[in-house]
$ cat entry-v3.txt   # compact mmCIF, C-alpha atoms
# COMPACT_ATOMS: atom_id res chain seq x y z
CA MET A 1 106.79 17.43 142.94
CA SER A 2 105.29 20.34 144.88
CA ALA A 3 105.91 23.90 143.84
CA SER A 4 108.18 26.09 145.92
CA PRO A 5 106.76 29.01 147.93
CA ARG A 6 108.70 31.43 145.73
CA SER A 7 107.12 30.03 142.60
CA MET A 8 103.69 30.15 144.22
CA HIS A 9 104.32 33.76 145.21
CA GLY A 10 105.31 34.67 141.67
CA ALA A 11 102.31 32.93 140.18
CA GLY A 12 99.88 34.66 142.51
CA PRO A 13 99.68 38.06 140.73
CA ALA A 14 99.52 36.34 137.35
CA ARG A 15 96.55 34.28 138.52
CA LEU A 16 94.84 37.30 140.00
CA ALA A 17 95.39 39.52 136.93
CA PRO A 18 92.61 37.97 134.83
CA ARG A 19 90.21 38.33 137.74
CA LEU A 20 91.11 41.98 138.22
CA SER A 21 90.90 42.68 134.51
CA GLY A 22 87.54 40.89 134.44
CA ARG A 23 86.24 43.14 137.18
CA GLY A 24 87.50 46.20 135.30
CA SER A 25 85.83 45.09 132.10
CA LEU A 26 82.50 44.86 133.93
CA ARG A 27 82.36 48.60 134.47
CA PRO A 28 81.61 49.59 130.83
CA THR A 29 79.05 46.79 130.70
CA LEU A 30 77.36 48.05 133.85
CA ARG A 31 77.40 51.60 132.53
CA ARG A 32 75.75 50.46 129.33
CA ALA A 33 73.20 48.49 131.35
CA PHE A 34 72.29 51.56 133.43
CA ALA A 35 72.34 53.83 130.36
CA SER A 36 70.10 51.57 128.27
CA PRO A 37 66.84 52.59 130.04
CA ARG A 38 67.66 56.23 129.33
CA LEU A 39 68.46 55.37 125.74
CA TYR A 40 65.20 53.48 125.34
CA LEU A 41 63.26 56.32 126.92
CA PHE A 42 64.91 58.88 124.64
CA SER A 43 64.25 56.71 121.58
CA ALA A 44 60.59 56.27 122.57
CA LEU A 45 60.24 60.02 123.05
CA CYS A 46 61.73 60.66 119.60
CA ILE A 47 59.34 58.14 118.05
CA VAL A 48 56.36 59.80 119.74
CA ILE A 49 57.41 63.26 118.53
CA MET A 50 58.00 61.95 115.01
CA ALA A 51 54.58 60.27 115.02
CA LEU A 52 52.90 63.52 116.12
CA MET A 53 54.68 65.38 113.32
CA LEU A 54 53.81 62.84 110.63
CA PHE A 55 50.22 62.21 111.72
CA PRO A 56 48.66 65.28 110.00
CA ILE A 57 50.60 64.61 106.79
CA VAL A 58 49.56 60.97 106.73
CA MET A 59 45.92 61.89 107.36
CA SER A 60 46.07 64.47 104.55
CA LEU A 61 47.52 61.86 102.21
CA LEU A 62 44.78 59.37 103.11
CA ALA A 63 42.07 62.00 102.69
CA SER A 64 43.43 62.96 99.26
CA LEU A 65 43.03 59.34 98.12
CA LYS A 66 39.33 59.19 99.03
CA THR A 67 36.39 60.06 96.87
CA SER A 68 34.79 63.47 97.39
CA ALA A 69 31.79 61.96 99.18
CA GLU A 70 33.93 59.82 101.44
CA ALA A 71 36.30 62.71 102.26
CA SER A 72 33.31 64.83 103.38
CA ALA A 73 31.50 62.06 105.25
CA VAL A 74 30.29 62.65 108.81
CA PRO A 75 31.51 60.93 110.94
CA PRO A 76 34.80 60.79 109.05
CA HIS A 77 36.37 57.62 107.70
CA TYR A 78 40.05 57.63 108.51
CA PHE A 79 41.03 55.10 105.84
CA PRO A 80 39.74 55.13 102.27
CA SER A 81 37.56 52.21 101.28
CA ALA A 82 39.08 52.35 97.79
CA ILE A 83 42.01 54.39 96.45
CA SER A 84 40.83 57.15 94.14
CA PHE A 85 42.88 59.79 92.28
CA GLU A 86 39.92 61.94 91.27
CA ASN A 87 40.97 64.67 93.71
CA TYR A 88 44.40 64.95 92.11
CA ALA A 89 42.78 65.05 88.66
CA ARG A 90 40.47 67.84 89.82
CA VAL A 91 43.41 69.85 91.17
CA PHE A 92 45.48 69.25 88.01
CA HIS A 93 42.73 70.53 85.70
CA TYR A 94 41.46 73.35 87.94
CA GLN A 95 40.93 76.52 85.85
CA ALA A 96 44.37 77.53 84.42
CA GLY A 97 45.83 74.15 85.37
CA LEU A 98 48.20 72.99 88.08
CA PRO A 99 51.39 73.39 85.93
CA THR A 100 50.62 77.10 85.54
CA TYR A 101 50.25 77.67 89.29
CA LEU A 102 53.36 75.63 90.06
CA PHE A 103 55.37 77.62 87.53
CA ASN A 104 54.15 80.92 88.99
CA SER A 105 55.05 79.91 92.55
CA LEU A 106 58.46 78.57 91.55
CA ALA A 107 59.28 81.64 89.46
CA VAL A 108 58.38 84.05 92.26
CA ALA A 109 60.17 81.93 94.89
CA PHE A 110 63.45 81.72 92.95
CA MET A 111 63.35 85.44 92.18
CA THR A 112 62.83 86.07 95.90
CA ILE A 113 65.84 83.91 96.74
CA ALA A 114 68.00 85.77 94.22
CA LEU A 115 66.93 89.20 95.52
CA CYS A 116 67.48 88.19 99.15
CA LEU A 117 70.99 86.92 98.38
CA LEU A 118 71.90 89.98 96.30
CA LEU A 119 70.74 92.37 99.02
CA ALA A 120 71.40 90.54 102.29
CA VAL A 121 74.95 89.34 101.56
CA PRO A 122 76.46 92.82 100.84
CA ALA A 123 74.42 94.38 103.64
CA GLY A 124 75.52 91.78 106.17
CA TYR A 125 79.12 91.99 104.94
CA GLY A 126 79.19 95.77 105.32
CA LEU A 127 77.59 95.77 108.77
CA ALA A 128 79.93 93.04 110.01
CA CYS A 129 83.31 93.97 108.54
CA PHE A 130 83.39 97.71 107.78
CA PRO A 131 83.40 100.74 110.11
CA VAL A 132 80.03 102.03 108.93
CA PRO A 133 78.90 105.11 110.87
CA ALA A 134 76.06 104.29 113.26
CA LYS A 135 75.90 100.75 111.92
CA GLU A 136 74.39 99.44 115.15
CA ALA A 137 71.55 101.93 114.85
CA ILE A 138 71.04 100.95 111.21
CA PHE A 139 70.99 97.30 112.18
CA LEU A 140 68.48 97.99 114.95
CA VAL A 141 66.18 99.84 112.54
CA LEU A 142 66.30 96.85 110.21
CA LEU A 143 65.29 94.54 113.03
CA LEU A 144 62.52 96.88 114.18
CA SER A 145 60.89 96.48 110.78
CA LEU A 146 60.09 92.90 111.79
CA MET A 147 57.62 94.27 114.33
CA ALA A 148 55.46 95.98 111.70
CA PRO A 149 52.77 93.75 110.15
CA TYR A 150 53.45 93.51 106.45
CA GLN A 151 49.71 93.61 105.71
CA ALA A 152 49.83 97.33 106.57
CA LEU A 153 52.35 97.89 103.76
CA LEU A 154 50.41 96.16 101.00
CA THR A 155 48.13 99.09 100.09
CA PRO A 156 50.90 101.71 99.62
CA LEU A 157 53.09 99.11 97.90
CA HIS A 158 50.27 98.21 95.51
CA ARG A 159 49.73 101.86 94.59
CA LEU A 160 53.46 102.35 94.10
CA PHE A 161 53.86 99.22 92.00
CA THR A 162 50.82 100.16 89.90
CA SER A 163 52.40 103.50 89.03
CA LEU A 164 55.71 101.76 88.22
CA GLY A 165 54.11 99.03 86.15
CA LEU A 166 55.18 96.26 88.56
CA ALA A 167 51.70 95.22 89.65
CA ASN A 168 50.55 91.87 88.33
CA THR A 169 54.13 90.81 87.54
CA TYR A 170 56.41 88.14 88.99
CA LEU A 171 59.06 90.74 89.82
CA GLY A 172 56.65 92.91 91.76
CA LEU A 173 55.42 90.00 93.88
CA ALA A 174 59.02 88.81 94.40
CA ILE A 175 59.96 92.30 95.66
CA VAL A 176 57.11 92.14 98.19
CA HIS A 177 58.28 88.73 99.39
CA THR A 178 61.85 90.05 99.60
CA VAL A 179 60.66 92.92 101.79
CA LEU A 180 59.14 90.35 104.15
CA GLN A 181 62.28 88.21 104.32
CA LEU A 182 65.08 90.81 104.06
CA PRO A 183 65.40 91.89 107.75
CA PHE A 184 65.89 88.31 108.92
CA SER A 185 68.27 87.63 106.02
CA VAL A 186 70.46 90.62 106.90
CA TYR A 187 70.46 89.58 110.55
CA LEU A 188 71.49 86.05 109.62
CA MET A 189 74.30 87.07 107.27
CA ARG A 190 75.67 89.74 109.58
CA ASN A 191 76.01 87.30 112.47
CA SER A 192 77.52 84.70 110.16
CA PHE A 193 80.16 87.07 108.79
CA GLU A 194 81.01 88.29 112.28
CA ALA A 195 81.79 84.68 113.27
CA VAL A 196 84.51 84.42 110.63
CA PRO A 197 87.95 84.89 112.27
CA LYS A 198 89.41 88.30 111.49
CA GLU A 199 92.79 86.68 110.92
CA LEU A 200 91.50 85.08 107.72
CA ALA A 201 90.38 88.43 106.32
CA GLU A 202 93.62 90.13 107.38
CA ALA A 203 95.68 87.40 105.74
CA ALA A 204 93.70 87.84 102.52
CA VAL A 205 94.27 91.60 102.59
CA MET A 206 98.00 91.10 103.15
CA ASP A 207 98.04 88.83 100.10
CA GLY A 208 96.57 91.66 98.03
CA ALA A 209 92.89 90.66 98.01
CA LYS A 210 90.30 93.40 97.62
CA SER A 211 87.09 93.57 99.67
CA PHE A 212 85.03 91.77 97.04
CA GLN A 213 87.70 89.07 96.66
CA ALA A 214 87.81 88.54 100.43
CA LEU A 215 84.02 88.23 100.42
CA TRP A 216 84.05 85.72 97.55
CA TRP A 217 86.99 83.56 98.63
CA ILE A 218 86.89 83.81 102.44
CA PHE A 219 83.53 84.85 103.87
CA LEU A 220 81.08 83.14 101.52
CA PRO A 221 82.67 79.65 101.72
CA ALA A 222 82.88 79.96 105.51
CA SER A 223 79.23 81.06 105.69
CA LEU A 224 77.81 78.44 103.33
CA PRO A 225 75.40 76.92 105.92
CA SER A 226 73.97 80.39 106.58
CA LEU A 227 73.50 80.96 102.85
CA VAL A 228 71.62 77.67 102.62
CA THR A 229 69.47 78.64 105.61
CA LEU A 230 68.68 81.98 103.97
CA THR A 231 67.72 80.16 100.77
CA LEU A 232 65.40 77.76 102.58
CA PHE A 233 63.63 80.47 104.57
CA ALA A 234 63.22 82.71 101.52
CA PHE A 235 61.78 79.85 99.49
CA ILE A 236 59.32 78.75 102.19
CA THR A 237 58.23 82.35 102.89
CA SER A 238 57.54 83.02 99.22
CA TRP A 239 55.97 79.62 98.58
CA ASN A 240 53.45 79.89 101.42
CA GLU A 241 52.59 83.61 101.18
CA PHE A 242 48.94 84.21 100.30
CA ILE A 243 47.69 87.78 100.90
CA ALA A 244 50.22 89.64 98.73
CA ALA A 245 49.82 87.05 95.96
CA LEU A 246 46.05 87.56 96.05
CA ILE A 247 46.31 91.37 95.96
CA PHE A 248 49.16 91.92 93.51
CA MET A 249 48.18 89.22 90.99
CA ASN A 250 44.73 89.84 89.51
CA ARG A 251 44.98 87.50 86.51
CA GLU A 252 43.88 83.90 86.72
CA THR A 253 47.06 82.76 84.97
CA GLY A 254 49.21 84.67 87.47
CA PHE A 255 47.97 83.15 90.72
CA THR A 256 50.28 81.08 92.92
CA MET A 257 49.67 77.79 94.71
CA PRO A 258 48.18 79.23 97.97
CA VAL A 259 45.62 81.22 95.97
CA MET A 260 44.78 78.14 93.91
CA LEU A 261 44.25 76.09 97.08
CA VAL A 262 41.67 78.59 98.33
CA GLY A 263 39.83 78.46 95.01
CA VAL A 264 39.86 74.68 94.61
CA ARG A 265 38.22 74.11 97.97
CA GLN A 266 34.88 75.44 96.75
CA GLY A 267 32.53 72.50 96.22
CA HIS A 268 28.86 72.28 95.31
CA PHE A 269 26.50 74.80 96.95
CA GLY A 270 29.35 76.40 98.93
CA ALA A 271 30.50 73.19 100.58
CA VAL A 272 34.20 72.59 101.13
CA ASP A 273 35.74 69.96 98.86
CA TRP A 274 38.04 68.42 101.45
CA GLY A 275 39.44 65.82 99.09
CA ALA A 276 40.64 68.43 96.59
CA VAL A 277 42.03 70.58 99.40
CA GLN A 278 44.07 67.71 100.82
CA ALA A 279 45.33 66.75 97.36
CA GLY A 280 46.49 70.34 96.82
CA VAL A 281 48.17 70.35 100.22
CA ILE A 282 50.14 67.19 99.42
CA ILE A 283 51.22 68.62 96.05
CA SER A 284 52.30 71.92 97.63
CA ILE A 285 54.42 70.09 100.23
CA LEU A 286 56.52 68.24 97.65
CA PRO A 287 58.65 71.20 96.38
CA CYS A 288 59.49 72.27 99.95
CA LEU A 289 60.46 68.71 100.81
CA LEU A 290 62.55 68.38 97.65
CA ILE A 291 64.54 71.58 98.15
CA TYR A 292 65.16 70.66 101.79
CA LEU A 293 66.47 67.22 100.83
CA LEU A 294 68.74 68.75 98.21
CA LEU A 295 70.23 71.21 100.71
CA GLN A 296 70.06 68.99 103.79
CA LYS A 297 73.81 68.32 103.83
CA TYR A 298 74.67 72.01 104.21
CA TYR A 299 71.69 72.85 106.39
CA VAL A 300 72.44 70.17 108.99
CA SER A 301 76.18 70.95 108.96
CA GLY A 302 75.35 74.46 110.08
CA PHE A 303 73.84 73.07 113.30
CA LEU A 304 76.45 70.36 113.91
CA ASN A 305 79.76 71.92 112.95
CA GLY A 306 79.12 75.64 112.63
CA ALA A 307 80.11 77.79 109.71
CA ILE A 308 83.88 77.68 110.36
CA LYS A 309 85.75 74.51 109.44
$ encode --input "entry-v3.txt" --output "structure tokens"
Amino acid sequence: MSASPRSMHGAGPARLAPRLSGRGSLRPTLRRAFASPRLYLFSALCIVIMALMLFPIVMSLLASLKTSAEASAVPPHYFPSAISFENYARVFHYQAGLPTYLFNSLAVAFMTIALCLLLAVPAGYGLACFPVPAKEAIFLVLLLSLMAPYQALLTPLHRLFTSLGLANTYLGLAIVHTVLQLPFSVYLMRNSFEAVPKELAEAAVMDGAKSFQALWWIFLPASLPSLVTLTLFAFITSWNEFIAALIFMNRETGFTMPVMLVGVRQGHFGAVDWGAVQAGVIISILPCLLIYLLLQKYYVSGFLNGAIK
């Protein structure tokens, strides 16, 4: 029995619906097809950049595993013929010993972090949240200090610290490193505290919170990524600083890692011991990498989500 025209008319849209929906479902597929070349290009670019970043570190690692003769060979050999740890042994037993230099660098770096936090947090809080007279001028003067080379301050600071008994001490060197890092730290904390909504602070004041309580319970938790950034920059600045460590520490047992790296590079007859240098470089990278991995969660969240949740 043949179907009636009415039934054929009613079945028409139902038959056409899958076709229409099929055409609609092709659009996301086509978009993905056109977007895939861009995605591949972006991925390839990221891989190239990552390879350029890792290439010097990989070459340093390979050079540290060579023998001294092979590391200084001309033309250079990019891959070691046999893995050797003699360079690491030489660095470990160099003069006062690697543990002594690591302890000195870590002690000065953590004291620098503590001083930067103790000084930059109240300074940034006051410049951001209180009606300080001429606070913009004060803030500008702090930033202008970044333009002065810190090497010009080392001689008067050394004479001052010698008279105060701070020369050749961890605290004296940490104060010098804090002077280098403090302007940027104040700038960072002031901008971070200014980004906190004023309504949060006003609500805390209405609930009876004092200024210190508002700082502790409102501003610091909201500015945690900035605090982590301050910690990372203070640590890296102190860990890599060389000139002040060389001038202010005149005892062999008080030198830091950068000073040790300059000393360990001296080979026979004034030649550079490239194997020992590269081994020291790899060892000095590890603490920076470790502290970054420990604080990566907060550091990355500052870029992705901002300080305010």
$ residues_around --input "entry-v3.txt" --residues "stretch 208-221 of chain A" --least-positions-apart "2" --cutoff "12 Å" --atoms "only C-alpha atoms" --output "ChimeraX atom specification"
/A:117,121-126,128-130,189-206,223-228,298,307-309
$ residues_around --input "entry-v3.txt" --residues "A:Leu61" --least-positions-apart "5" --cutoff "10 Å" --atoms "only C-alpha atoms" --output "list in words"
Phe55, Pro56, Lys66, Gly275, Gln278, Ala279, Val281, Ile282 and Ile283 of chain A
$ closest_residue --input "entry-v3.txt" --among "A:Leu157, A:Ala120, A:Ala109, A:Leu230" --to "A:Met257" --atoms "all atoms listed in the file"
A:Ala109
$ residues_near_point --input "entry-v3.txt" --point "(46.3, 89.7, 97.5)" --cutoff "10 Å" --atoms "all atoms listed in the file" --output "JSON, numbers by chain"
{"A": [151, 154, 155, 158, 173, 241, 242, 243, 244, 245, 246, 247, 248, 249, 250, 255, 259]}
$ residues_around --input "entry-v3.txt" --residues "A:Leu232" --least-positions-apart "3" --cutoff "8 Å" --atoms "only C-alpha atoms" --output "list in words"
Val228, Thr229, Phe235, Ile236, Ile291 and Tyr292 of chain A
$ atom_distance --input "entry-v3.txt" --atom1 "atom CA of A:His177" --atom2 "atom CA of A:Val91"
25.4 Å
$ closest_residue --input "entry-v3.txt" --among "A:Leu115, A:Met260, A:Val272, A:Val48" --to "A:Leu171" --atoms "all atoms listed in the file"
A:Leu115
